[in-house]
Structures are given as C-alpha cells and as structure tokens.
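Just coords18.txt here, compact mmCIF, C-alpha atoms and all ligand atoms:
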```txt
# COMPACT_ATOMS: atom_id res chain seq x y z
CA MET A 11 6.26 6.25 29.20
CA PRO A 12 9.07 3.64 29.51
CA ALA A 13 12.32 4.31 31.37
CA PRO A 14 15.26 5.27 29.12
CA GLY A 15 17.16 2.14 28.04
CA ASP A 16 14.08 -0.06 28.61
CA PRO A 17 14.39 -2.95 26.07
CA HIS A 18 10.68 -2.53 25.31
CA GLU A 19 11.09 1.11 24.41
CA THR A 20 10.45 2.36 20.89
CA HIS A 21 9.27 5.55 19.25
CA PHE A 22 5.95 6.92 18.18
CA GLY A 23 7.06 9.68 15.89
CA PHE A 24 9.61 11.53 18.02
CA HIS A 25 8.15 10.39 21.35
CA SER A 26 9.50 7.52 23.36
CA VAL A 27 6.81 4.89 24.09
CA SER A 28 6.63 1.18 24.95
CA LEU A 29 6.28 -1.32 22.06
CA GLY A 30 2.69 -2.11 23.10
CA GLU A 31 1.77 1.57 23.32
CA LYS A 32 3.17 2.22 19.83
CA GLN A 33 0.95 -0.47 18.28
CA SER A 34 -2.20 0.89 19.93
CA LEU A 35 -1.35 4.47 18.90
CA VAL A 36 -0.77 3.30 15.31
CA ASP A 37 -4.07 1.37 15.39
CA GLY A 38 -5.88 4.51 16.57
CA ILE A 39 -4.51 6.45 13.62
CA PHE A 40 -5.58 3.97 10.95
CA HIS A 41 -8.95 3.53 12.62
CA LYS A 42 -9.42 7.31 12.30
CA VAL A 43 -8.28 7.63 8.69
CA ALA A 44 -9.53 4.34 7.13
CA ARG A 45 -12.43 5.82 5.15
CA ARG A 46 -10.37 8.65 3.68
CA TYR A 47 -7.07 6.79 3.48
CA ASP A 48 -6.93 6.36 -0.31
CA LEU A 49 -7.93 9.97 -0.98
CA MET A 50 -5.25 11.22 1.43
CA ASN A 51 -2.63 9.06 -0.30
CA ASP A 52 -3.43 10.73 -3.60
CA LEU A 53 -3.41 14.24 -2.13
CA MET A 54 -0.25 13.85 -0.06
CA SER A 55 1.87 12.29 -2.75
CA ALA A 56 0.25 14.26 -5.61
CA GLY A 57 -0.67 10.88 -7.09
CA LEU A 58 2.96 9.69 -7.00
CA HIS A 59 2.12 6.69 -4.81
CA ARG A 60 0.49 5.17 -7.89
CA ALA A 61 3.76 5.33 -9.87
CA TRP A 62 5.70 3.95 -6.88
CA LYS A 63 3.24 1.07 -6.54
CA ASP A 64 3.61 0.37 -10.28
CA VAL A 65 7.35 -0.14 -9.71
CA LEU A 66 6.53 -2.43 -6.78
CA VAL A 67 4.25 -4.51 -9.04
CA THR A 68 6.96 -4.71 -11.74
CA THR A 69 9.46 -5.86 -9.09
CA VAL A 70 7.09 -8.60 -7.87
CA ASN A 71 6.52 -9.56 -11.52
CA PRO A 72 3.61 -11.99 -11.14
CA PRO A 73 3.41 -14.58 -13.97
CA LYS A 74 1.06 -13.66 -16.83
CA SER A 75 0.31 -17.36 -17.41
CA ALA A 76 -2.02 -19.59 -15.41
CA THR A 77 0.93 -20.71 -13.24
CA PRO A 78 -0.19 -20.56 -9.59
CA PHE A 79 1.30 -17.58 -7.78
CA THR A 80 0.42 -16.66 -4.21
CA LEU A 81 1.03 -13.22 -2.77
CA LEU A 82 0.84 -12.15 0.85
CA ASP A 83 0.38 -8.39 1.13
CA VAL A 84 1.16 -7.45 4.73
CA ALA A 85 -0.15 -4.24 6.33
CA GLY A 86 -2.19 -4.27 3.13
CA GLY A 87 -4.88 -1.94 4.51
CA THR A 88 -7.52 -1.18 1.91
CA GLY A 89 -6.05 -3.68 -0.60
CA ASP A 90 -4.52 -1.28 -3.13
CA VAL A 91 -1.29 -3.26 -3.68
CA ALA A 92 -3.04 -6.64 -3.82
CA PHE A 93 -5.55 -5.34 -6.40
CA ARG A 94 -2.73 -4.09 -8.60
CA ILE A 95 -0.77 -7.35 -8.42
CA VAL A 96 -3.82 -9.46 -9.18
CA ALA A 97 -4.60 -7.19 -12.16
CA ALA A 98 -1.02 -7.51 -13.45
CA GLY A 99 -0.84 -11.30 -12.98
CA GLY A 100 -2.43 -14.15 -14.91
CA PRO A 101 -5.40 -16.31 -13.88
CA GLY A 102 -3.25 -18.26 -11.41
CA THR A 103 -2.47 -15.21 -9.24
CA ARG A 104 -4.09 -15.07 -5.79
CA ALA A 105 -3.55 -12.53 -3.03
CA THR A 106 -4.13 -12.42 0.70
CA VAL A 107 -4.23 -9.04 2.40
CA VAL A 108 -3.34 -9.11 6.07
CA ASP A 109 -3.65 -6.10 8.36
CA ILE A 110 -3.95 -5.50 12.10
CA ASN A 111 -6.78 -3.00 11.60
CA ALA A 112 -10.29 -4.33 10.97
CA GLU A 113 -11.49 -0.90 9.78
CA MET A 114 -8.94 -0.75 6.94
CA LEU A 115 -9.76 -4.36 5.97
CA ALA A 116 -13.49 -3.57 5.88
CA VAL A 117 -12.86 -0.81 3.32
CA GLY A 118 -10.69 -3.27 1.34
CA ARG A 119 -13.39 -5.98 1.35
CA GLU A 120 -15.97 -3.50 0.05
CA ARG A 121 -13.61 -2.45 -2.76
CA ALA A 122 -12.88 -6.07 -3.73
CA ALA A 123 -16.64 -6.75 -3.90
CA GLU A 124 -17.21 -3.63 -6.05
CA ARG A 125 -14.54 -4.92 -8.45
CA GLY A 126 -15.90 -8.49 -8.43
CA ILE A 127 -12.56 -9.97 -7.34
CA GLU A 128 -13.50 -11.45 -3.94
CA ASP A 129 -12.57 -14.90 -5.26
CA VAL A 130 -8.94 -13.92 -5.95
CA VAL A 131 -8.24 -11.48 -3.09
CA SER A 132 -8.92 -12.51 0.50
CA PHE A 133 -8.59 -10.46 3.68
CA ALA A 134 -7.37 -11.53 7.11
CA GLU A 135 -6.79 -9.75 10.39
CA GLY A 136 -3.29 -10.33 11.73
CA ASN A 137 -0.09 -8.85 13.06
CA ALA A 138 3.01 -8.61 10.83
CA GLU A 139 5.06 -9.69 13.87
CA ALA A 140 3.18 -13.00 14.26
CA LEU A 141 1.49 -13.91 10.98
CA PRO A 142 -1.41 -16.37 11.19
CA PHE A 143 -0.09 -18.39 8.22
CA PRO A 144 1.97 -21.56 7.79
CA ASP A 145 5.69 -21.74 6.92
CA ARG A 146 6.81 -21.68 3.28
CA ALA A 147 3.36 -20.86 1.91
CA TYR A 148 3.81 -17.82 -0.40
CA ASP A 149 5.65 -16.96 -3.63
CA ALA A 150 5.89 -13.27 -2.75
CA TYR A 151 5.53 -11.07 0.31
CA THR A 152 4.85 -7.35 -0.13
CA ILE A 153 4.61 -4.59 2.45
CA ALA A 154 3.94 -1.03 1.28
CA PHE A 155 4.15 1.89 3.69
CA GLY A 156 3.62 -0.63 6.45
CA ILE A 157 6.87 -1.76 8.04
CA ARG A 158 7.57 1.69 9.51
CA ASN A 159 4.44 1.30 11.64
CA VAL A 160 5.36 -2.11 13.05
CA PRO A 161 6.94 -1.82 16.52
CA ARG A 162 9.38 -4.77 16.12
CA VAL A 163 10.70 -4.54 12.55
CA GLU A 164 13.09 -7.50 13.07
CA ALA A 165 10.17 -9.72 14.12
CA ALA A 166 8.24 -8.73 10.98
CA LEU A 167 11.25 -9.55 8.77
CA ALA A 168 11.69 -12.95 10.45
CA GLU A 169 8.00 -13.67 9.81
CA ALA A 170 8.36 -12.61 6.16
CA TYR A 171 11.18 -15.12 5.77
CA ARG A 172 9.21 -17.88 7.52
CA VAL A 173 6.06 -17.64 5.36
CA LEU A 174 7.90 -17.38 2.00
CA LYS A 175 8.62 -20.49 -0.06
CA PRO A 176 12.29 -21.07 -0.91
CA GLY A 177 12.63 -19.08 -4.16
CA GLY A 178 10.09 -16.54 -2.87
CA ARG A 179 10.69 -12.82 -2.83
CA PHE A 180 10.30 -10.12 -0.19
CA VAL A 181 9.48 -6.66 -1.62
CA CYS A 182 9.04 -3.59 0.56
CA LEU A 183 7.99 -0.08 -0.50
CA GLU A 184 8.67 2.49 2.18
CA PHE A 185 9.53 6.15 2.66
CA SER A 186 13.28 6.55 2.61
CA ALA A 187 15.98 9.21 2.80
CA VAL A 188 15.98 12.03 0.24
CA ASP A 189 19.48 12.24 -1.21
CA VAL A 190 19.19 15.11 -3.70
CA PRO A 191 20.49 18.53 -2.54
CA ALA A 192 17.73 21.20 -2.44
CA LEU A 193 15.05 18.53 -2.80
CA ASP A 194 15.77 17.48 0.80
CA THR A 195 15.04 21.00 2.16
CA LEU A 196 11.93 21.31 0.02
CA TYR A 197 10.75 17.88 1.14
CA GLU A 198 11.31 18.77 4.83
CA MET A 199 9.25 21.92 4.46
CA TYR A 200 6.52 20.09 2.61
CA SER A 201 6.37 17.16 4.98
CA PHE A 202 6.53 19.00 8.31
CA ASN A 203 4.10 21.78 7.31
CA LEU A 204 1.90 20.82 4.42
CA ILE A 205 1.16 17.18 5.18
CA PRO A 206 -0.27 17.80 8.70
CA ALA A 207 -2.28 20.74 7.28
CA LEU A 208 -3.69 18.47 4.55
CA GLY A 209 -4.56 15.93 7.23
CA ARG A 210 -6.47 18.58 9.18
CA ALA A 211 -8.36 19.64 6.06
CA VAL A 212 -9.30 16.17 4.81
CA VAL A 213 -9.48 13.89 7.87
CA GLY A 214 -10.20 16.68 10.36
CA ASP A 215 -7.06 15.96 12.39
CA ALA A 216 -3.39 16.87 11.80
CA GLU A 217 -2.04 14.46 14.45
CA PRO A 218 -2.04 11.21 12.40
CA TYR A 219 -0.12 12.97 9.66
CA ARG A 220 2.34 14.53 12.08
CA TYR A 221 3.04 10.98 13.26
CA LEU A 222 3.50 9.88 9.65
CA VAL A 223 6.16 12.51 8.98
CA GLU A 224 8.00 11.91 12.25
CA SER A 225 8.03 8.16 11.76
CA ILE A 226 9.57 8.62 8.29
CA HIS A 227 12.43 10.54 9.89
CA ARG A 228 13.03 7.83 12.46
CA PHE A 229 13.00 4.85 10.08
CA PRO A 230 16.47 3.27 9.45
CA LYS A 231 18.42 4.63 6.49
CA PRO A 232 18.35 2.41 3.34
CA GLN A 233 21.75 0.77 3.93
CA ARG A 234 20.85 -0.10 7.51
CA PHE A 235 17.42 -1.43 6.50
CA ALA A 236 19.06 -3.59 3.78
CA GLU A 237 21.36 -5.00 6.48
CA MET A 238 18.35 -5.87 8.67
CA ILE A 239 16.80 -7.73 5.71
CA ARG A 240 20.05 -9.70 5.24
CA ILE A 241 20.17 -10.53 8.95
CA ALA A 242 16.64 -11.98 8.64
CA GLY A 243 18.11 -14.50 6.16
CA PHE A 244 17.32 -12.95 2.77
CA ARG A 245 19.87 -13.04 -0.04
CA ARG A 246 20.54 -10.83 -3.09
CA VAL A 247 19.20 -7.91 -1.08
CA ARG A 248 18.99 -4.66 -3.01
CA TRP A 249 17.19 -1.36 -2.93
CA GLN A 250 16.07 1.10 -5.53
CA PRO A 251 15.49 4.74 -4.54
CA LEU A 252 12.58 6.44 -6.34
CA THR A 253 11.83 10.19 -6.70
CA GLY A 254 15.23 11.23 -5.34
CA GLY A 255 14.94 8.87 -2.37
CA VAL A 256 11.52 10.03 -1.14
CA VAL A 257 10.69 6.31 -1.19
CA ALA A 258 12.72 3.14 -1.83
CA ILE A 259 11.94 -0.43 -2.83
CA HIS A 260 13.96 -2.98 -0.85
CA SER A 261 13.89 -6.59 -1.97
CA GLY A 262 15.48 -9.91 -1.12
CA TRP A 263 15.08 -13.59 -1.93
CA ARG A 264 14.54 -16.54 0.34
CA LEU A 265 16.92 -19.01 -1.32
C1 LIG A 301 0.09 3.47 5.55
S1 LIG A 301 -0.99 2.09 5.61
C2 LIG A 301 -0.52 1.19 4.16
C3 LIG A 301 -1.64 0.47 3.48
C4 LIG A 301 -1.32 -0.16 2.13
N1 LIG A 301 -0.21 -1.09 2.21
C5 LIG A 301 -1.05 0.88 1.07
O1 LIG A 301 0.09 1.01 0.64
O2 LIG A 301 -1.99 1.57 0.66
C6 LIG A 301 -0.25 1.17 6.92
C7 LIG A 301 -1.05 -0.05 7.36
O3 LIG A 301 -0.25 -0.79 8.30
C8 LIG A 301 -1.15 -1.44 9.19
N2 LIG A 301 -0.39 -1.94 10.36
C9 LIG A 301 0.18 -1.21 11.34
N3 LIG A 301 0.79 -2.02 12.23
C10 LIG A 301 0.62 -3.30 11.77
C11 LIG A 301 1.04 -4.58 12.24
N4 LIG A 301 1.77 -4.72 13.35
N5 LIG A 301 0.69 -5.67 11.52
C12 LIG A 301 -0.05 -5.55 10.38
N6 LIG A 301 -0.48 -4.36 9.90
C13 LIG A 301 -0.14 -3.25 10.58
C14 LIG A 301 -2.14 -0.34 9.49
O4 LIG A 301 -3.33 -0.85 10.08
C15 LIG A 301 -2.35 0.27 8.09
O5 LIG A 301 -3.42 -0.32 7.42
```

Let me see the structure of the file written as structure tokens.
Ligand SMILES: C[S@@+](CC[C@H](N)C(=O)[O-])C[C@H]1O[C@@H](n2cnc3c(N)ncnc32)[C@H](O)[C@@H]1O
Amino acid sequence: MPAPGDPHETHFGFHSVSLGEKQSLVDGIFHKVARRYDLMNDLMSAGLHRAWKDVLVTTVNPPKSATPFTLLDVAGGTGDVAFRIVAAGGPGTRATVVDINAEMLAVGRERAAERGIEDVVSFAEGNAEALPFPDRAYDAYTIAFGIRNVPRVEAALAEAYRVLKPGGRFVCLEFSAVDVPALDTLYEMYSFNLIPALGRAVVGDAEPYRYLVESIHRFPKPQRFAEMIRIAGFRRVRWQPLTGGVVAIHSGWRL
C-alpha cells in the first residue's frame, strides 16, 4: 500500500493502492469475468447497456456510404461496441479493438469469427495509457465502461487526442452521477447490494462487482470529467446524461 500523498497513489474501489497495483487488480477482474462478461452486462443493467450503446453509436455516426472511416475502440473487451459501429456504418467502416486483457480479446475474436466480420474488425493488445498506434490515424475513438478502470485517466485522454485525426471525435460512455431525487437512493441500494450478489450468482465471486460499484462512486463527476477532456486538448466538449445520470456520454473533437 502506498504512503498517503504518494504521487503514484490511486484507488481500487475505495482502497488506496499504487497505480501499478490498480492495473494488475483490474486485469485480474476481467480475466476472471471474461467468459461471462456479456451475460453479466445484460443482467446488471437489465439490458439497458444495449440502449446506452445505441446512443453511443448514434453519437459516433459512422458514414453509411463507402467513405473510409476508421474507429479505435479502446478498452473494447469482447468487441460489443466495435461490432455495433461496424453494423451501423457503410462498407468503408473499419474498427480496431484494443484492450489490455488478452482473455477479453480472445472472446471478442471468437465472436467476430462467428459473425464473419474478421476482415472489418481487428483486435490488438495494448494499454489505453500508451497506445501502440501512430499519431493522427483514426476518425473516431470510443471507450465504453473502460476509462474508469484506467489508472492514469489523463494519460489515456492525451493518447486519445494523439491518435485521432484533426476533425476526429472522442466519445466516452461511462457510469456517471445519478441526479434524480429518489432514483439516487434506489440506485445506491441496487448497486451496493444487488450487483455484488448477482456477481456471486453468475461469476461465482462478488468481489469484481464490488470493485465495479466502488469505482463508479470514485470516478470524477461529469463537469470535472468534461474539464479533463478539455485539458487534453479537445474542443466542443459536451456530455449527455442517460437514464437519470446512471451513465453519461462525454464527447469532444480534435480540431
Ligand atoms: C467493463 S469492460 C468494457 C468492455 C467494453 N468496452 C464494453 O462496453 O462491453 C472494461 C475493459 O477495460 C479493459 N481495461 C482495463 N484497463 C485498461 C487499460 N489500461 N488499457 C486498455 N484496456 C483496459 C479491461 O480489460 C476490460 O476489458
């Protein structure tokens, strides 16, 4: 455990850990849940994550024509967001899924093969904080339920800016801050009690889902996160709360 005030200190849920420790704890979680990840998403959000991802796809708005359009889906896990964007776009749309966890990527590769879309969606192992891609390469950068897990959020935002082409868009879907009276209490009860219990029932372990809930509470509030996106260089930064603020879509342009 790092000393208080240590510049390398961060949080894993509510516990104070070093930045390196956080990444290996996060990796352990996704290694454990990879095979049942998509099922858990459906159960935990009562299928709502599908509607939220639809709004993400509409925000990215890939061209329907054959115009080339390249997407980088970071912390893309099992490929869900990339598959949706490729399905919404025209024949010129290509996606690369990058994730730090080989287990999640392996599930994604299998799914892409089952769908016969291996030629339009590719998978790469990499860290959001140091992307293995050249500058100014992509038309859009997405990150869904991923940035909260990255130890150095500022480094990930700087990398997002670097790999986007001028005119490219950053779009992030993440849990946010519930801002509807009564819904916030209900949501607290649901998230602190039911989600870990669901985790125990489906994945056989409540701990990864306890981490999930705690990390949501620790993530910067939407205004503060928008400010961090601006500091990374993005312009026309905005956010859209969905489902009373359970999640939000933040976006910005590299101009
Ligand atoms: C909650 S899942 C989201 C998966 C997918 N985007 C979705 O919405 O279904 C979070 C993903 O972030 C990945 N991740 C965590 N830290 C990362 C990092 N530093 N760089 C890249 N991916 C990371 C995990 O391996 C995991 O696959």

Using all atoms listed in the file, the shortest atom-to-atom distance to A:Ser55 among A:Gly100, A:Val256, A:Ser34, A:Ala85 belongs to A:Val256

From A:Leu35, A:Ala138, A:Ala97, A:Met50, residue lying nearest A:Asp64 [all atoms listed in the file]
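Answer, going by the shortest atom-to-atom distance: A:Ala97.
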
Please return as a list of chain:residue names the residues found within 7 Å of ligand LIG 301 (chain A), counting only C-alpha atoms and all ligand atoms.
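Selection of residues at most 7 Å from ligand LIG 301 (chain A): A:Gln33, A:Val36, A:Asp37, A:Phe40, A:Asp48, A:Val84, A:Ala85, A:Gly86, A:Gly87, A:Thr88, A:Gly89, A:Asp90, A:Val91, A:Val108, A:Asp109, A:Ile110, A:Asn111, A:Met114, A:Gly136, A:Asn137, A:Ala138, A:Glu139, A:Ile153, A:Ala154, A:Phe155, A:Gly156, A:Asn159, A:Val160, A:Pro161.
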
Write a file of the just-selected residues containing C-alpha atoms, as a PDB file, keeping the file's coordinate frame.
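Writing the result to selection13.pdb gives the following:
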```
ATOM      1  CA  GLN A  33       0.950  -0.470  18.280  1.00  0.00           C
ATOM      2  CA  VAL A  36      -0.770   3.300  15.310  1.00  0.00           C
ATOM      3  CA  ASP A  37      -4.070   1.370  15.390  1.00  0.00           C
ATOM      4  CA  PHE A  40      -5.580   3.970  10.950  1.00  0.00           C
ATOM      5  CA  ASP A  48      -6.930   6.360  -0.310  1.00  0.00           C
ATOM      6  CA  VAL A  84       1.160  -7.450   4.730  1.00  0.00           C
ATOM      7  CA  ALA A  85      -0.150  -4.240   6.330  1.00  0.00           C
ATOM      8  CA  GLY A  86      -2.190  -4.270   3.130  1.00  0.00           C
ATOM      9  CA  GLY A  87      -4.880  -1.940   4.510  1.00  0.00           C
ATOM     10  CA  THR A  88      -7.520  -1.180   1.910  1.00  0.00           C
ATOM     11  CA  GLY A  89      -6.050  -3.680  -0.600  1.00  0.00           C
ATOM     12  CA  ASP A  90      -4.520  -1.280  -3.130  1.00  0.00           C
ATOM     13  CA  VAL A  91      -1.290  -3.260  -3.680  1.00  0.00           C
ATOM     14  CA  VAL A 108      -3.340  -9.110   6.070  1.00  0.00           C
ATOM     15  CA  ASP A 109      -3.650  -6.100   8.360  1.00  0.00           C
ATOM     16  CA  ILE A 110      -3.950  -5.500  12.100  1.00  0.00           C
ATOM     17  CA  ASN A 111      -6.780  -3.000  11.600  1.00  0.00           C
ATOM     18  CA  MET A 114      -8.940  -0.750   6.940  1.00  0.00           C
ATOM     19  CA  GLY A 136      -3.290 -10.330  11.730  1.00  0.00           C
ATOM     20  CA  ASN A 137      -0.090  -8.850  13.060  1.00  0.00           C
ATOM     21  CA  ALA A 138       3.010  -8.610  10.830  1.00  0.00           C
ATOM     22  CA  GLU A 139       5.060  -9.690  13.870  1.00  0.00           C
ATOM     23  CA  ILE A 153       4.610  -4.590   2.450  1.00  0.00           C
ATOM     24  CA  ALA A 154       3.940  -1.030   1.280  1.00  0.00           C
ATOM     25  CA  PHE A 155       4.150   1.890   3.690  1.00  0.00           C
ATOM     26  CA  GLY A 156       3.620  -0.630   6.450  1.00  0.00           C
ATOM     27  CA  ASN A 159       4.440   1.300  11.640  1.00  0.00           C
ATOM     28  CA  VAL A 160       5.360  -2.110  13.050  1.00  0.00           C
ATOM     29  CA  PRO A 161       6.940  -1.820  16.520  1.00  0.00           C
TER      30      PRO A 161
END
```

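Proximity of A:Asn71, A:Asn203, A:Thr253, A:Gln233 to A:Gly178, computed with only C-alpha atoms, is greatest for A:Asn71.
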
Atom CA of A:Ser225 sits from atom CA of A:His21 at a separation of 8.0 Å

Legend entry - Shortest interatomic distance to A:Met199 - which of A:Val27, A:Val223, A:Asp52, A:Val247, counting all atoms listed in the file: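 Closest to A:Met199 of all the choices is A:Val223.
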
For A:Met238, find every residue with an atom within 9 Å (counting only C-alpha atoms), except residues of its own chain fewer than 6 positions away, and show them as number ranges by chain.
A: 163-164, 167

Taking all atoms of stretch 217-230 of chain A that appear in the file, build a box with edges along x, y and z, extend it by 5 Å on every side, and state its centre and edge lengths in Å to one decimal, as JSON.
```
{"center_x": 7.2, "center_y": 8.9, "center_z": 11.4, "size_x": 28.5, "size_y": 21.3, "size_z": 16.2}
```

Q) So which residues are close to (-0.6, 16.1, 8.6), meaning at most 8 Å away in the file's coordinates with all atoms listed in the file counted, and can you show them as a PyMOL selection string? A) chain A and resi 201-210+215-223

In terms of all atoms listed in the file, the residue from A:Val117, A:Cys182, A:Ala92, A:Leu141 at minimal distance from A:Val43 is A:Val117

Next on the checklist: When you count all atoms listed in the file, which of these residues is closest to A:Glu124: A:Phe93, A:Gly57, A:Tyr151, A:Ala140?
Outcome noted: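 So, comparing all the options, the nearest one is A:Phe93.
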
Can you pull out every residue within 12 Å of stretch 239-241 of chain A, counting only C-alpha atoms, but drop anything in the same chain fewer than 4 positions away, and send it as a PyMOL selection string? chain A and resi 157+163-171+179-182+230+232-235+245-249+260-265

Output of the above residues as a PDB file, in the coordinates of the input, restricted to C-alpha atoms:
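As a result, part_18.pdb now contains:
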```pdb
ATOM      1  CA  ILE A 157       6.870  -1.760   8.040  1.00  0.00           C
ATOM      2  CA  VAL A 163      10.700  -4.540  12.550  1.00  0.00           C
ATOM      3  CA  GLU A 164      13.090  -7.500  13.070  1.00  0.00           C
ATOM      4  CA  ALA A 165      10.170  -9.720  14.120  1.00  0.00           C
ATOM      5  CA  ALA A 166       8.240  -8.730  10.980  1.00  0.00           C
ATOM      6  CA  LEU A 167      11.250  -9.550   8.770  1.00  0.00           C
ATOM      7  CA  ALA A 168      11.690 -12.950  10.450  1.00  0.00           C
ATOM      8  CA  GLU A 169       8.000 -13.670   9.810  1.00  0.00           C
ATOM      9  CA  ALA A 170       8.360 -12.610   6.160  1.00  0.00           C
ATOM     10  CA  TYR A 171      11.180 -15.120   5.770  1.00  0.00           C
ATOM     11  CA  ARG A 179      10.690 -12.820  -2.830  1.00  0.00           C
ATOM     12  CA  PHE A 180      10.300 -10.120  -0.190  1.00  0.00           C
ATOM     13  CA  VAL A 181       9.480  -6.660  -1.620  1.00  0.00           C
ATOM     14  CA  CYS A 182       9.040  -3.590   0.560  1.00  0.00           C
ATOM     15  CA  PRO A 230      16.470   3.270   9.450  1.00  0.00           C
ATOM     16  CA  PRO A 232      18.350   2.410   3.340  1.00  0.00           C
ATOM     17  CA  GLN A 233      21.750   0.770   3.930  1.00  0.00           C
ATOM     18  CA  ARG A 234      20.850  -0.100   7.510  1.00  0.00           C
ATOM     19  CA  PHE A 235      17.420  -1.430   6.500  1.00  0.00           C
ATOM     20  CA  ARG A 245      19.870 -13.040  -0.040  1.00  0.00           C
ATOM     21  CA  ARG A 246      20.540 -10.830  -3.090  1.00  0.00           C
ATOM     22  CA  VAL A 247      19.200  -7.910  -1.080  1.00  0.00           C
ATOM     23  CA  ARG A 248      18.990  -4.660  -3.010  1.00  0.00           C
ATOM     24  CA  TRP A 249      17.190  -1.360  -2.930  1.00  0.00           C
ATOM     25  CA  HIS A 260      13.960  -2.980  -0.850  1.00  0.00           C
ATOM     26  CA  SER A 261      13.890  -6.590  -1.970  1.00  0.00           C
ATOM     27  CA  GLY A 262      15.480  -9.910  -1.120  1.00  0.00           C
ATOM     28  CA  TRP A 263      15.080 -13.590  -1.930  1.00  0.00           C
ATOM     29  CA  ARG A 264      14.540 -16.540   0.340  1.00  0.00           C
ATOM     30  CA  LEU A 265      16.920 -19.010  -1.320  1.00  0.00           C
TER      31      LEU A 265
END
```

What separates atom CA of A:Gly177 and atom CA of A:Phe79 is a distance of 12.0 Å

Computed gap from atom CA of A:Thr152 to atom CA of A:Arg172 is 13.7 Å

Margin query: Need the shell around A:Val67: protein/DNA/RNA residues with any atom at most 9 Å away, counting all atoms listed in the file. Skip same-chain ones fewer than 3 positions apart. Format as a ChimeraX atom specification?
Written below: /A:62-64,70-72,91,94-95,98

- Task: Give as a PyMOL selection string each residue that has an atom at most 10 Å from (-3.2, -23.3, -9.3) in the file, counting all atoms listed in the file.
- Result: chain A and resi 76-80+101-104

Would you save stretch 207-213 of chain A from the block above with all heavy atoms, as a PDB file, in the first residue's frame?
```pdb
ATOM      1  N   ALA A 207     -24.257  -9.333  -5.395  1.00  0.00           N
ATOM      2  CA  ALA A 207     -24.960 -10.613  -5.240  1.00  0.00           C
ATOM      3  C   ALA A 207     -25.129 -11.297  -6.604  1.00  0.00           C
ATOM      4  O   ALA A 207     -24.939 -12.510  -6.734  1.00  0.00           O
ATOM      5  CB  ALA A 207     -26.317 -10.386  -4.583  1.00  0.00           C
ATOM      6  N   LEU A 208     -25.446 -10.493  -7.621  1.00  0.00           N
ATOM      7  CA  LEU A 208     -25.564 -11.037  -8.987  1.00  0.00           C
ATOM      8  C   LEU A 208     -24.225 -11.609  -9.441  1.00  0.00           C
ATOM      9  O   LEU A 208     -24.158 -12.674 -10.058  1.00  0.00           O
ATOM     10  CB  LEU A 208     -25.952  -9.913  -9.951  1.00  0.00           C
ATOM     11  CG  LEU A 208     -27.404  -9.781 -10.351  1.00  0.00           C
ATOM     12  CD1 LEU A 208     -27.612  -8.527 -11.187  1.00  0.00           C
ATOM     13  CD2 LEU A 208     -27.844 -11.007 -11.149  1.00  0.00           C
ATOM     14  N   GLY A 209     -23.160 -10.884  -9.110  1.00  0.00           N
ATOM     15  CA  GLY A 209     -21.807 -11.328  -9.457  1.00  0.00           C
ATOM     16  C   GLY A 209     -21.522 -12.677  -8.832  1.00  0.00           C
ATOM     17  O   GLY A 209     -20.993 -13.585  -9.482  1.00  0.00           O
ATOM     18  N   ARG A 210     -21.909 -12.840  -7.562  1.00  0.00           N
ATOM     19  CA  ARG A 210     -21.650 -14.100  -6.867  1.00  0.00           C
ATOM     20  C   ARG A 210     -22.412 -15.232  -7.560  1.00  0.00           C
ATOM     21  O   ARG A 210     -21.887 -16.304  -7.790  1.00  0.00           O
ATOM     22  CB  ARG A 210     -22.030 -14.003  -5.400  1.00  0.00           C
ATOM     23  CG  ARG A 210     -21.556 -15.214  -4.611  1.00  0.00           C
ATOM     24  CD  ARG A 210     -21.853 -15.150  -3.125  1.00  0.00           C
ATOM     25  NE  ARG A 210     -21.273 -14.000  -2.453  1.00  0.00           N
ATOM     26  CZ  ARG A 210     -21.974 -12.978  -1.949  1.00  0.00           C
ATOM     27  NH1 ARG A 210     -23.285 -12.964  -2.051  1.00  0.00           N
ATOM     28  NH2 ARG A 210     -21.378 -11.997  -1.343  1.00  0.00           N
ATOM     29  N   ALA A 211     -23.666 -14.934  -7.939  1.00  0.00           N
ATOM     30  CA  ALA A 211     -24.510 -15.959  -8.542  1.00  0.00           C
ATOM     31  C   ALA A 211     -24.011 -16.365  -9.940  1.00  0.00           C
ATOM     32  O   ALA A 211     -23.998 -17.537 -10.282  1.00  0.00           O
ATOM     33  CB  ALA A 211     -25.947 -15.464  -8.613  1.00  0.00           C
ATOM     34  N   VAL A 212     -23.586 -15.388 -10.725  1.00  0.00           N
ATOM     35  CA  VAL A 212     -23.272 -15.697 -12.132  1.00  0.00           C
ATOM     36  C   VAL A 212     -21.790 -16.019 -12.345  1.00  0.00           C
ATOM     37  O   VAL A 212     -21.440 -16.959 -13.054  1.00  0.00           O
ATOM     38  CB  VAL A 212     -23.716 -14.529 -13.055  1.00  0.00           C
ATOM     39  CG1 VAL A 212     -23.379 -14.825 -14.508  1.00  0.00           C
ATOM     40  CG2 VAL A 212     -25.204 -14.275 -12.909  1.00  0.00           C
ATOM     41  N   VAL A 213     -20.908 -15.234 -11.749  1.00  0.00           N
ATOM     42  CA  VAL A 213     -19.471 -15.437 -11.987  1.00  0.00           C
ATOM     43  C   VAL A 213     -18.852 -16.244 -10.842  1.00  0.00           C
ATOM     44  O   VAL A 213     -17.707 -16.688 -10.923  1.00  0.00           O
ATOM     45  CB  VAL A 213     -18.756 -14.066 -12.164  1.00  0.00           C
ATOM     46  CG1 VAL A 213     -17.326 -14.232 -12.606  1.00  0.00           C
ATOM     47  CG2 VAL A 213     -19.493 -13.178 -13.136  1.00  0.00           C
TER      48      VAL A 213
END
```
